[in-house]
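Novice: Sharing a structure here in structure tokens format.
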Amino acid sequence: MRYIELKEALKDFVVFSISDIRNVDSNFHRRRLNEWQEKGYIKKILKGCYIFSDVNLNESALFEIANRIYKPSYISLETALSYYNLIPEAVYAITSISTRRTYKFETSIGKFIYKKINPTLFFSYDLLNFQNKVFKIGNIEKVILDYFYLHPDIREKDDFLSLRIDKDAFLAKVNEEELYK
């Protein structure tokens, strides 16, 4: 398989694996990946996960990559709070929730952090389509609950105030009935 053929076959993929390539060409030889990396056509993110070098790494692409490199997972915690404009801080890592063990990947394209929760609490995420990219992100109410679940030290009013959550944005966006459910 030539690189141009691969690029056309996987043009809708932000991140792809060797199994994605083998779905297109069952006789694909892994050594081609090394050649294409040396030529600068593709970049290795993690073992077995690659992106095309010319991919636009915007927020939605990074979120899709985060969902894909560690499954099952959805964007949550500080990353989602920032996405929903509930906190003023910039976030420099993509933080997700998973039912698998807590893990961190530091890659050439960014830092991806996964926090483990009980599988019975893995719910209430939305599939968002943004700039032709689809990713899973916790809905606002679930993101708040995830945060409190993973930060049991937040008990007092001052602890909550230290989160710097925009009160007006919170009240405008959060469905209190859904939060209490």
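How things are named: the first chain in the structure tokens is A, the next is B, and so on; residues count from 1 in each chain; ligands count from 1 in the order shown.
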Using only C-alpha atoms, which residues sit within 6 Å of segment 140-150 of chain A once same-chain residues fewer than 4 positions away are excluded, as number ranges by chain?

Specialist: A: 76-77, 179

Novice: Just list as number ranges by chain whatever in segment 16-176 of chain A DSSP marks as strand (DSSP E or B).

Specialist: A: 16-17, 42-46, 49-52, 73-75, 93-98, 103-106, 111-116, 125-130, 133-138

Novice: I need the residues from that last selection saved to file as a short mmCIF file (atom, residue, chain, number, x, y, z; two decimals), in the first residue's frame (with N, CA and C atoms), if you can.

Specialist:
data_model
loop_
_atom_site.label_atom_id
_atom_site.label_comp_id
_atom_site.auth_asym_id
_atom_site.auth_seq_id
_atom_site.Cartn_x
_atom_site.Cartn_y
_atom_site.Cartn_z
N PHE A 16 -5.39 6.91 14.00
CA PHE A 16 -5.64 5.58 13.46
C PHE A 16 -4.64 4.59 14.03
N SER A 17 -5.00 3.33 13.94
CA SER A 17 -4.17 2.26 14.48
C SER A 17 -3.77 1.30 13.36
N ILE A 42 3.59 10.76 8.83
CA ILE A 42 2.75 10.44 9.99
C ILE A 42 3.56 10.65 11.27
N LYS A 43 2.83 10.77 12.39
CA LYS A 43 3.46 10.88 13.71
C LYS A 43 2.90 9.79 14.59
N LYS A 44 3.77 9.19 15.37
CA LYS A 44 3.34 8.21 16.35
C LYS A 44 2.93 8.96 17.62
N ILE A 45 1.74 8.66 18.11
CA ILE A 45 1.29 9.26 19.37
C ILE A 45 1.67 8.35 20.52
N LEU A 46 1.24 7.12 20.42
CA LEU A 46 1.54 6.06 21.38
C LEU A 46 1.79 4.79 20.59
N CYS A 49 -0.76 3.87 17.82
CA CYS A 49 -1.66 4.98 17.49
C CYS A 49 -0.89 6.06 16.74
N TYR A 50 -1.44 6.49 15.61
CA TYR A 50 -0.76 7.43 14.73
C TYR A 50 -1.73 8.52 14.26
N ILE A 51 -1.14 9.65 13.83
CA ILE A 51 -1.90 10.70 13.17
C ILE A 51 -1.14 11.10 11.92
N PHE A 52 -1.85 11.67 10.97
CA PHE A 52 -1.18 12.23 9.80
C PHE A 52 -0.51 13.53 10.24
N SER A 73 -13.65 5.98 27.50
CA SER A 73 -13.38 7.24 28.19
C SER A 73 -14.23 8.35 27.61
N TYR A 74 -14.40 9.39 28.41
CA TYR A 74 -15.05 10.61 27.93
C TYR A 74 -14.36 11.80 28.61
N ILE A 75 -14.36 12.94 27.95
CA ILE A 75 -13.74 14.15 28.45
C ILE A 75 -14.52 14.62 29.68
N ALA A 93 -3.76 19.97 29.90
CA ALA A 93 -3.83 18.52 29.70
C ALA A 93 -5.28 18.18 29.39
N ILE A 94 -5.48 17.15 28.64
CA ILE A 94 -6.82 16.66 28.35
C ILE A 94 -7.14 15.61 29.41
N THR A 95 -8.12 15.91 30.25
CA THR A 95 -8.47 15.01 31.35
C THR A 95 -9.78 14.31 31.04
N SER A 96 -9.76 12.99 31.21
CA SER A 96 -10.92 12.16 30.89
C SER A 96 -11.24 11.23 32.05
N ILE A 97 -12.42 10.68 31.98
CA ILE A 97 -12.89 9.66 32.92
C ILE A 97 -12.88 8.32 32.19
N SER A 98 -12.50 7.28 32.92
CA SER A 98 -12.48 5.93 32.34
C SER A 98 -12.84 4.92 33.42
N TYR A 103 -4.39 6.66 34.52
CA TYR A 103 -3.19 6.61 33.68
C TYR A 103 -2.91 7.97 33.09
N LYS A 104 -1.63 8.20 32.75
CA LYS A 104 -1.24 9.46 32.12
C LYS A 104 -0.33 9.15 30.94
N PHE A 105 -0.61 9.79 29.79
CA PHE A 105 0.24 9.68 28.62
C PHE A 105 0.80 11.06 28.30
N GLU A 106 2.11 11.17 28.22
CA GLU A 106 2.74 12.41 27.76
C GLU A 106 3.22 12.12 26.35
N LYS A 111 -0.60 16.19 26.68
CA LYS A 111 -0.70 15.31 27.84
C LYS A 111 -2.16 14.86 27.97
N PHE A 112 -2.34 13.55 28.16
CA PHE A 112 -3.67 12.97 28.30
C PHE A 112 -3.72 12.25 29.64
N ILE A 113 -4.68 12.64 30.48
CA ILE A 113 -4.82 12.08 31.82
C ILE A 113 -6.18 11.38 31.91
N TYR A 114 -6.18 10.18 32.47
CA TYR A 114 -7.41 9.40 32.63
C TYR A 114 -7.57 9.05 34.10
N LYS A 115 -8.74 9.37 34.64
CA LYS A 115 -9.04 9.08 36.03
C LYS A 115 -10.08 7.97 36.09
N LYS A 116 -9.84 7.02 36.95
CA LYS A 116 -10.74 5.87 37.07
C LYS A 116 -11.93 6.18 37.96
N TYR A 125 -22.69 11.09 29.34
CA TYR A 125 -21.81 11.84 28.45
C TYR A 125 -22.54 12.04 27.13
N ASP A 126 -22.14 13.06 26.41
CA ASP A 126 -22.76 13.38 25.13
C ASP A 126 -21.76 13.15 24.01
N LEU A 127 -22.28 12.79 22.85
CA LEU A 127 -21.47 12.74 21.64
C LEU A 127 -21.62 14.08 20.95
N LEU A 128 -20.55 14.85 20.90
CA LEU A 128 -20.61 16.17 20.27
C LEU A 128 -19.92 16.12 18.92
N ASN A 129 -20.52 16.78 17.96
CA ASN A 129 -19.96 16.91 16.63
C ASN A 129 -19.52 18.35 16.47
N PHE A 130 -18.21 18.55 16.36
CA PHE A 130 -17.67 19.90 16.24
C PHE A 130 -16.59 19.90 15.18
N LYS A 133 -15.65 16.61 13.70
CA LYS A 133 -15.04 15.66 14.62
C LYS A 133 -16.07 15.31 15.68
N VAL A 134 -16.11 14.04 16.05
CA VAL A 134 -17.06 13.58 17.06
C VAL A 134 -16.27 13.12 18.28
N PHE A 135 -16.68 13.60 19.45
CA PHE A 135 -16.02 13.17 20.68
C PHE A 135 -17.04 13.05 21.79
N LYS A 136 -16.67 12.26 22.82
CA LYS A 136 -17.52 12.06 23.99
C LYS A 136 -17.05 12.99 25.10
N ILE A 137 -18.02 13.71 25.66
CA ILE A 137 -17.72 14.63 26.77
C ILE A 137 -18.85 14.52 27.77
N GLY A 138 -18.50 14.53 29.04
CA GLY A 138 -19.52 14.47 30.08
C GLY A 138 -20.44 15.67 30.00
#

Novice: Can you measure atom CA of Asn34 of chain A to atom CA of Lys7 of chain A for me? One decimal in Å is fine.

Specialist: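 If I compute the distance from atom CA of Asn34 of chain A to atom CA of Lys7 of chain A, I get 15.5 Å.
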
Novice: Select, from A:Ser19, A:Ser108, A:Gln131, A:Gln37, the residue with the minimum atom-to-atom distance to Phe63 of chain A, counting only C-alpha atoms.

Specialist: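 Under the stated criterion, the closest residue is A:Gln131.
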
Novice: Give me the residues within 12 Å of Leu163 of chain A as a PyMOL selection string, counting only C-alpha atoms and dropping any in the same chain fewer than 5 places off.

Specialist: chain A and resi 77-78+81-82+86-89+144+147-148+151+154+156-158

Novice: Which residue, A:Trp36, A:Arg164, A:Asn139, A:Gly110, has the smallest gap to Phe123 of chain A when you use only C-alpha atoms?

Specialist: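 Using only C-alpha atoms, the shortest distance to Phe123 of chain A belongs to A:Asn139.
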
Novice: As a compact mmCIF listing (two decimals) with N, CA, C and O atoms, in the first residue's frame, which residues of chain A does DSSP assign to helix (DSSP H, G or I)?

Specialist:
# COMPACT_ATOMS: atom_id res chain seq x y z
N TYR A 3 1.41 5.42 0.50
CA TYR A 3 0.95 6.40 1.48
C TYR A 3 -0.29 7.14 0.99
O TYR A 3 -1.25 7.34 1.76
N ILE A 4 -0.32 7.53 -0.25
CA ILE A 4 -1.46 8.28 -0.81
C ILE A 4 -2.74 7.46 -0.68
O ILE A 4 -3.81 8.00 -0.37
N GLU A 5 -2.66 6.17 -0.90
CA GLU A 5 -3.82 5.28 -0.76
C GLU A 5 -4.30 5.23 0.69
O GLU A 5 -5.50 5.26 0.97
N LEU A 6 -3.33 5.13 1.60
CA LEU A 6 -3.68 5.11 3.03
C LEU A 6 -4.35 6.42 3.43
O LEU A 6 -5.37 6.43 4.11
N LYS A 7 -3.75 7.52 3.00
CA LYS A 7 -4.28 8.85 3.35
C LYS A 7 -5.72 9.00 2.86
O LYS A 7 -6.58 9.50 3.58
N GLU A 8 -6.00 8.53 1.67
CA GLU A 8 -7.36 8.61 1.12
C GLU A 8 -8.31 7.68 1.88
O GLU A 8 -9.43 8.06 2.21
N ALA A 9 -7.86 6.48 2.18
CA ALA A 9 -8.72 5.50 2.86
C ALA A 9 -9.06 5.94 4.29
O ALA A 9 -10.16 5.66 4.78
N ILE A 18 -2.91 0.39 13.69
CA ILE A 18 -2.51 -0.63 12.72
C ILE A 18 -3.72 -1.47 12.30
O ILE A 18 -3.83 -1.87 11.14
N SER A 19 -4.64 -1.71 13.23
CA SER A 19 -5.83 -2.50 12.86
C SER A 19 -6.73 -1.72 11.90
O SER A 19 -7.35 -2.33 11.02
N ASP A 20 -6.78 -0.39 12.03
CA ASP A 20 -7.53 0.41 11.06
C ASP A 20 -6.92 0.27 9.67
O ASP A 20 -7.63 0.14 8.68
N ILE A 21 -5.59 0.28 9.63
CA ILE A 21 -4.91 0.13 8.34
C ILE A 21 -5.16 -1.26 7.78
O ILE A 21 -5.44 -1.42 6.58
N ARG A 22 -5.10 -2.27 8.62
CA ARG A 22 -5.31 -3.65 8.15
C ARG A 22 -6.74 -3.89 7.71
O ARG A 22 -7.00 -4.80 6.94
N ASN A 23 -7.68 -3.09 8.19
CA ASN A 23 -9.05 -3.19 7.69
C ASN A 23 -9.12 -2.73 6.23
O ASN A 23 -9.99 -3.16 5.48
N VAL A 24 -8.21 -1.85 5.85
CA VAL A 24 -8.15 -1.35 4.48
C VAL A 24 -7.28 -2.27 3.62
O VAL A 24 -7.61 -2.55 2.47
N ARG A 31 6.43 -2.25 8.78
CA ARG A 31 7.65 -1.49 8.51
C ARG A 31 7.38 -0.21 7.73
O ARG A 31 8.12 0.76 7.81
N ARG A 32 6.27 -0.21 6.97
CA ARG A 32 5.90 0.98 6.21
C ARG A 32 5.64 2.16 7.15
O ARG A 32 5.92 3.31 6.82
N LEU A 33 5.11 1.88 8.33
CA LEU A 33 4.86 2.95 9.31
C LEU A 33 6.16 3.65 9.69
O LEU A 33 6.20 4.87 9.81
N ASN A 34 7.22 2.88 9.90
CA ASN A 34 8.52 3.48 10.22
C ASN A 34 9.02 4.34 9.07
O ASN A 34 9.53 5.44 9.29
N GLU A 35 8.88 3.86 7.85
CA GLU A 35 9.30 4.64 6.69
C GLU A 35 8.53 5.96 6.61
O GLU A 35 9.12 7.01 6.38
N TRP A 36 7.23 5.89 6.81
CA TRP A 36 6.39 7.09 6.71
C TRP A 36 6.68 8.07 7.86
O TRP A 36 6.59 9.28 7.68
N GLN A 37 7.03 7.54 9.04
CA GLN A 37 7.42 8.42 10.13
C GLN A 37 8.73 9.13 9.81
O GLN A 37 8.86 10.33 10.05
N GLU A 38 9.70 8.40 9.27
CA GLU A 38 10.99 8.99 8.91
C GLU A 38 10.83 10.07 7.84
O GLU A 38 11.54 11.07 7.85
N GLU A 59 -8.89 21.78 19.41
CA GLU A 59 -9.46 21.19 20.62
C GLU A 59 -10.30 19.95 20.33
O GLU A 59 -10.16 18.93 21.00
N SER A 60 -11.15 20.00 19.32
CA SER A 60 -12.01 18.85 19.05
C SER A 60 -11.20 17.66 18.57
O SER A 60 -11.52 16.52 18.91
N ALA A 61 -10.15 17.88 17.80
CA ALA A 61 -9.29 16.78 17.36
C ALA A 61 -8.59 16.14 18.55
O ALA A 61 -8.51 14.91 18.66
N LEU A 62 -8.09 16.96 19.47
CA LEU A 62 -7.43 16.44 20.67
C LEU A 62 -8.42 15.66 21.54
O LEU A 62 -8.06 14.63 22.12
N PHE A 63 -9.66 16.13 21.63
CA PHE A 63 -10.67 15.41 22.40
C PHE A 63 -10.97 14.06 21.76
O PHE A 63 -11.11 13.04 22.45
N GLU A 64 -11.06 14.03 20.43
CA GLU A 64 -11.31 12.76 19.74
C GLU A 64 -10.14 11.80 19.96
O GLU A 64 -10.34 10.60 20.18
N ILE A 65 -8.93 12.32 19.90
CA ILE A 65 -7.75 11.49 20.15
C ILE A 65 -7.79 10.93 21.57
O ILE A 65 -7.54 9.74 21.79
N ALA A 66 -8.13 11.77 22.53
CA ALA A 66 -8.22 11.33 23.93
C ALA A 66 -9.22 10.19 24.09
O ALA A 66 -8.95 9.22 24.79
N ASN A 67 -10.37 10.31 23.43
CA ASN A 67 -11.38 9.25 23.49
C ASN A 67 -10.86 7.95 22.89
O ASN A 67 -11.19 6.86 23.35
N ARG A 68 -10.07 8.07 21.86
CA ARG A 68 -9.65 6.90 21.09
C ARG A 68 -8.46 6.15 21.68
O ARG A 68 -8.39 4.93 21.58
N ILE A 69 -7.51 6.86 22.30
CA ILE A 69 -6.28 6.18 22.73
C ILE A 69 -6.44 5.41 24.04
O ILE A 69 -5.59 4.59 24.38
N LEU A 77 -13.88 16.53 34.02
CA LEU A 77 -13.08 17.27 35.00
C LEU A 77 -12.67 18.65 34.50
O LEU A 77 -13.49 19.34 33.91
N GLU A 78 -11.43 19.07 34.75
CA GLU A 78 -11.02 20.44 34.42
C GLU A 78 -11.16 20.75 32.94
O GLU A 78 -11.51 21.87 32.56
N THR A 79 -10.88 19.75 32.09
CA THR A 79 -10.97 19.97 30.65
C THR A 79 -12.40 20.32 30.25
O THR A 79 -12.63 21.27 29.49
N ALA A 80 -13.36 19.57 30.75
CA ALA A 80 -14.75 19.84 30.42
C ALA A 80 -15.24 21.13 31.08
O ALA A 80 -16.00 21.88 30.47
N LEU A 81 -14.81 21.40 32.31
CA LEU A 81 -15.20 22.65 32.97
C LEU A 81 -14.72 23.84 32.15
O LEU A 81 -15.44 24.82 31.99
N SER A 82 -13.52 23.74 31.60
CA SER A 82 -13.00 24.81 30.74
C SER A 82 -13.77 24.87 29.43
O SER A 82 -14.12 25.95 28.95
N TYR A 83 -14.06 23.71 28.84
CA TYR A 83 -14.81 23.65 27.58
C TYR A 83 -16.18 24.33 27.73
O TYR A 83 -16.62 25.05 26.83
N PRO A 119 -17.33 1.58 37.40
CA PRO A 119 -18.09 1.39 36.15
C PRO A 119 -19.57 1.75 36.24
O PRO A 119 -20.17 2.17 35.25
N THR A 120 -20.16 1.64 37.43
CA THR A 120 -21.57 2.01 37.56
C THR A 120 -21.79 3.51 37.44
O THR A 120 -22.91 3.97 37.24
N LEU A 121 -20.71 4.29 37.54
CA LEU A 121 -20.79 5.75 37.44
C LEU A 121 -20.39 6.27 36.06
O LEU A 121 -20.29 7.46 35.85
N ILE A 140 -22.65 18.68 31.57
CA ILE A 140 -22.21 19.58 32.64
C ILE A 140 -22.49 19.01 34.03
O ILE A 140 -21.62 19.05 34.90
N GLU A 141 -23.66 18.48 34.22
CA GLU A 141 -24.04 17.95 35.53
C GLU A 141 -23.12 16.79 35.93
O GLU A 141 -22.66 16.71 37.07
N LYS A 142 -22.82 15.91 34.98
CA LYS A 142 -21.96 14.76 35.27
C LYS A 142 -20.52 15.19 35.53
O LYS A 142 -19.84 14.63 36.39
N VAL A 143 -20.06 16.20 34.83
CA VAL A 143 -18.70 16.71 35.04
C VAL A 143 -18.56 17.22 36.48
O VAL A 143 -17.55 16.93 37.15
N ILE A 144 -19.56 17.93 36.96
CA ILE A 144 -19.54 18.43 38.35
C ILE A 144 -19.50 17.24 39.32
O ILE A 144 -18.70 17.22 40.25
N LEU A 145 -20.33 16.25 39.07
CA LEU A 145 -20.36 15.08 39.95
C LEU A 145 -19.05 14.31 39.89
O LEU A 145 -18.56 13.84 40.92
N ASP A 146 -18.47 14.15 38.70
CA ASP A 146 -17.16 13.49 38.57
C ASP A 146 -16.13 14.22 39.41
O ASP A 146 -15.32 13.59 40.11
N TYR A 147 -16.15 15.54 39.33
CA TYR A 147 -15.16 16.33 40.07
C TYR A 147 -15.29 16.10 41.57
O TYR A 147 -14.30 15.87 42.26
N PHE A 148 -16.51 16.15 42.08
CA PHE A 148 -16.71 15.94 43.51
C PHE A 148 -16.39 14.51 43.92
O PHE A 148 -15.86 14.26 45.00
N TYR A 149 -16.70 13.55 43.07
CA TYR A 149 -16.40 12.14 43.35
C TYR A 149 -14.89 11.94 43.50
O TYR A 149 -14.44 11.23 44.40
N LEU A 150 -14.12 12.58 42.63
CA LEU A 150 -12.67 12.40 42.65
C LEU A 150 -11.93 13.37 43.57
O LEU A 150 -10.73 13.26 43.76
N LYS A 157 -17.48 25.60 52.11
CA LYS A 157 -17.77 26.65 51.14
C LYS A 157 -16.49 27.21 50.52
O LYS A 157 -16.41 27.41 49.31
N ASP A 158 -15.46 27.42 51.35
CA ASP A 158 -14.18 27.95 50.85
C ASP A 158 -13.52 26.99 49.87
O ASP A 158 -12.89 27.42 48.90
N ASP A 159 -13.67 25.68 50.11
CA ASP A 159 -13.12 24.69 49.18
C ASP A 159 -13.80 24.84 47.82
O ASP A 159 -13.14 24.81 46.78
N PHE A 160 -15.10 24.99 47.85
CA PHE A 160 -15.85 25.14 46.60
C PHE A 160 -15.48 26.46 45.91
O PHE A 160 -15.29 26.49 44.70
N LEU A 161 -15.36 27.53 46.67
CA LEU A 161 -15.01 28.83 46.09
C LEU A 161 -13.62 28.80 45.44
O LEU A 161 -13.37 29.49 44.45
N LYS A 167 -20.10 31.54 38.71
CA LYS A 167 -21.44 31.32 39.27
C LYS A 167 -22.54 31.58 38.25
O LYS A 167 -23.48 30.80 38.12
N ASP A 168 -22.44 32.68 37.51
CA ASP A 168 -23.47 33.02 36.52
C ASP A 168 -23.54 31.98 35.41
O ASP A 168 -24.63 31.55 35.01
N ALA A 169 -22.39 31.55 34.90
CA ALA A 169 -22.36 30.53 33.85
C ALA A 169 -22.90 29.21 34.39
O ALA A 169 -23.66 28.51 33.71
N PHE A 170 -22.53 28.89 35.63
CA PHE A 170 -23.00 27.66 36.26
C PHE A 170 -24.53 27.65 36.35
O PHE A 170 -25.19 26.70 35.93
N LEU A 171 -25.08 28.72 36.89
CA LEU A 171 -26.54 28.79 37.07
C LEU A 171 -27.27 28.81 35.73
O LEU A 171 -28.38 28.28 35.61
N ALA A 172 -26.67 29.41 34.71
CA ALA A 172 -27.30 29.48 33.40
C ALA A 172 -27.26 28.15 32.66
O ALA A 172 -28.17 27.84 31.89
N LYS A 173 -26.23 27.36 32.90
CA LYS A 173 -26.03 26.14 32.10
C LYS A 173 -26.46 24.85 32.79
O LYS A 173 -26.82 23.88 32.13
N GLU A 176 -30.45 21.96 37.40
CA GLU A 176 -30.39 21.52 38.79
C GLU A 176 -31.15 20.22 39.03
O GLU A 176 -30.70 19.37 39.79
N GLU A 177 -32.29 20.05 38.38
CA GLU A 177 -33.06 18.81 38.53
C GLU A 177 -32.24 17.62 38.06
O GLU A 177 -32.19 16.58 38.73
N GLU A 178 -31.56 17.76 36.94
CA GLU A 178 -30.70 16.69 36.40
C GLU A 178 -29.52 16.43 37.34
O GLU A 178 -29.14 15.29 37.56
N LEU A 179 -28.96 17.49 37.91
CA LEU A 179 -27.83 17.36 38.83
C LEU A 179 -28.24 16.55 40.06
O LEU A 179 -27.51 15.67 40.49
N TYR A 180 -29.40 16.83 40.60
CA TYR A 180 -29.83 16.12 41.80
C TYR A 180 -30.22 14.67 41.51
O TYR A 180 -30.10 13.81 42.38
